[in-house]
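Peer 1: Below are the structure tokens for one structure; questions will follow.
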Amino acid sequence: MRALQRLQQKILAEDQHLVRNFDLTPRALRLHDKLKRQAYVGATVVALSGAVAFGVGSNDYDPAKLYVGNITESWQTQRSLYDTHLKLLAAEERAQDIKLEMLNASTAKEVDGLRKEYKQERTKIEALKLDYHILTTGQDPVKVQQIAREADADFGPRASRPRI
């Protein structure tokens, strides 16, 4: 009991507003260390169980989220750059398809509808270019080009599978 009282005194003494300093016995120091360890272990267990319960962890990755950081250190940033580049390629291809549809449109109403769709696609492209710029700012250009090449290769036409 005295050890606990001395521990309380030590905690009060270490407060910034109080200038008194009380010496703790070795037993009280051991008790303080034990309580601190138990608090850390308890907090860790609660955090891990919460992460498991809510499905959050290091393996989770949300492709809609923009992960910013060092490409060489963060696999999430690499995947975010890869996904953003793929989305940019898809949006540019869709804009090109809309242009071709506008050329082949038969009525003015159809052209106006395609023009609005093209404008939305251009806005999407500008937003993706901004995201891509944010992701690549300050990064190693060689690593960025490597990831972009991988995305280009994955975006390209697939070889047809042979029928058996």
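Labels used: A, B, ... for chains in the order of the structure tokens, numbers from 1 for residues in each chain, and numbers from 1 for ligands as shown.
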For A:His133, find every residue with an atom within 12 Å (counting only C-alpha atoms), except residues of its own chain fewer than 5 positions away, and show them as a ChimeraX atom specification.

Peer 2: /A:66,68,81,84-85,88,126-128,138-139,141,144

Peer 1: Please write the residues from the selection above to a file, keeping N, CA, C and O atoms, as a PDB file, in the first residue's frame.

Peer 2:
```
ATOM      1  N   LEU A  66      -6.172   7.656 -52.096  1.00  0.00           N
ATOM      2  CA  LEU A  66      -4.880   8.075 -52.616  1.00  0.00           C
ATOM      3  C   LEU A  66      -3.833   7.924 -51.515  1.00  0.00           C
ATOM      4  O   LEU A  66      -3.891   8.594 -50.498  1.00  0.00           O
ATOM      5  N   VAL A  68      -0.221   8.506 -50.352  1.00  0.00           N
ATOM      6  CA  VAL A  68       0.917   9.347 -50.682  1.00  0.00           C
ATOM      7  C   VAL A  68       2.080   8.958 -49.786  1.00  0.00           C
ATOM      8  O   VAL A  68       1.911   8.688 -48.611  1.00  0.00           O
ATOM      9  N   LEU A  81      -0.246   4.457 -57.071  1.00  0.00           N
ATOM     10  CA  LEU A  81       0.288   5.023 -58.312  1.00  0.00           C
ATOM     11  C   LEU A  81      -0.114   4.159 -59.497  1.00  0.00           C
ATOM     12  O   LEU A  81      -0.545   4.662 -60.538  1.00  0.00           O
ATOM     13  N   THR A  84      -3.864   4.590 -60.128  1.00  0.00           N
ATOM     14  CA  THR A  84      -4.144   5.918 -60.675  1.00  0.00           C
ATOM     15  C   THR A  84      -3.733   5.986 -62.143  1.00  0.00           C
ATOM     16  O   THR A  84      -4.449   6.555 -62.971  1.00  0.00           O
ATOM     17  N   HIS A  85      -2.589   5.380 -62.466  1.00  0.00           N
ATOM     18  CA  HIS A  85      -2.141   5.371 -63.859  1.00  0.00           C
ATOM     19  C   HIS A  85      -3.113   4.567 -64.725  1.00  0.00           C
ATOM     20  O   HIS A  85      -3.446   4.989 -65.840  1.00  0.00           O
ATOM     21  N   LEU A  88      -6.173   6.620 -65.292  1.00  0.00           N
ATOM     22  CA  LEU A  88      -5.882   7.688 -66.246  1.00  0.00           C
ATOM     23  C   LEU A  88      -5.885   7.161 -67.677  1.00  0.00           C
ATOM     24  O   LEU A  88      -6.472   7.774 -68.574  1.00  0.00           O
ATOM     25  N   GLU A 126      -8.416  15.394 -65.834  1.00  0.00           N
ATOM     26  CA  GLU A 126      -7.643  16.430 -65.140  1.00  0.00           C
ATOM     27  C   GLU A 126      -7.467  16.087 -63.660  1.00  0.00           C
ATOM     28  O   GLU A 126      -6.386  16.281 -63.098  1.00  0.00           O
ATOM     29  N   ALA A 127      -8.521  15.558 -63.028  1.00  0.00           N
ATOM     30  CA  ALA A 127      -8.416  15.168 -61.620  1.00  0.00           C
ATOM     31  C   ALA A 127      -7.418  14.014 -61.450  1.00  0.00           C
ATOM     32  O   ALA A 127      -6.601  14.011 -60.510  1.00  0.00           O
ATOM     33  N   LEU A 128      -7.462  13.050 -62.354  1.00  0.00           N
ATOM     34  CA  LEU A 128      -6.525  11.924 -62.274  1.00  0.00           C
ATOM     35  C   LEU A 128      -5.091  12.370 -62.541  1.00  0.00           C
ATOM     36  O   LEU A 128      -4.150  11.866 -61.922  1.00  0.00           O
ATOM     37  N   GLY A 138       8.536  14.333 -56.184  1.00  0.00           N
ATOM     38  CA  GLY A 138       9.632  13.986 -55.290  1.00  0.00           C
ATOM     39  C   GLY A 138      10.011  12.518 -55.303  1.00  0.00           C
ATOM     40  O   GLY A 138      10.798  12.085 -54.462  1.00  0.00           O
ATOM     41  N   GLN A 139       9.474  11.753 -56.238  1.00  0.00           N
ATOM     42  CA  GLN A 139       9.777  10.319 -56.292  1.00  0.00           C
ATOM     43  C   GLN A 139      10.901  10.048 -57.285  1.00  0.00           C
ATOM     44  O   GLN A 139      11.235  10.887 -58.125  1.00  0.00           O
ATOM     45  N   PRO A 141      12.311   8.938 -60.504  1.00  0.00           N
ATOM     46  CA  PRO A 141      11.681   8.825 -61.827  1.00  0.00           C
ATOM     47  C   PRO A 141      11.799   7.425 -62.421  1.00  0.00           C
ATOM     48  O   PRO A 141      10.896   6.971 -63.128  1.00  0.00           O
ATOM     49  N   VAL A 144       9.062   5.345 -60.879  1.00  0.00           N
ATOM     50  CA  VAL A 144       7.766   5.780 -61.397  1.00  0.00           C
ATOM     51  C   VAL A 144       7.564   5.240 -62.807  1.00  0.00           C
ATOM     52  O   VAL A 144       6.484   4.736 -63.141  1.00  0.00           O
TER      53      VAL A 144
END
```

Peer 1: Neighbouring residues of A:Tyr82 were defined as those with any atom within 9 Å, considering only C-alpha atoms; residues of the same chain fewer than 4 positions away were excluded. Please report them as a list in words.

Peer 2: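 Residues near the query, excluding close chain neighbours: Thr77, Gln78, Leu86, Lys87, Ile147, Ala148, Glu150 and Ala151 of chain A.
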
Peer 1: One number please: atom CA of A:Phe155 to atom CA of A:Gly69, in Å, one decimal.

Peer 2: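 Those two atoms sit 24.2 Å apart.
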
Peer 1: Any idea what's packed within 7 Å of stretch 25-40 of chain A, counting only C-alpha atoms, ignoring anything in its chain fewer than 5 positions away? Could you give it as a ChimeraX atom specification?

Peer 2: /A:3-4,6-7

Peer 1: Using only C-alpha atoms for the distances, tell me which of A:Val142, A:Ile98, A:Leu135, A:Leu48 is nearest to A:Arg79.

Peer 2: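 Comparing A:Val142, A:Ile98, A:Leu135, A:Leu48 against A:Arg79, the winner is A:Leu135.
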
Peer 1: Please measure the separation of atom CA of A:Leu114 and atom CA of A:Ala90, giving the value in Å to one decimal.

Peer 2: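 Rounded to one decimal, the two atoms are 17.2 Å apart.
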
Peer 1: Calculated over only C-alpha atoms, which of the candidates A:Ala108, A:Ile71, A:Val46, A:Ala91 has the smallest distance to A:Lys124?

Peer 2: A:Ala91
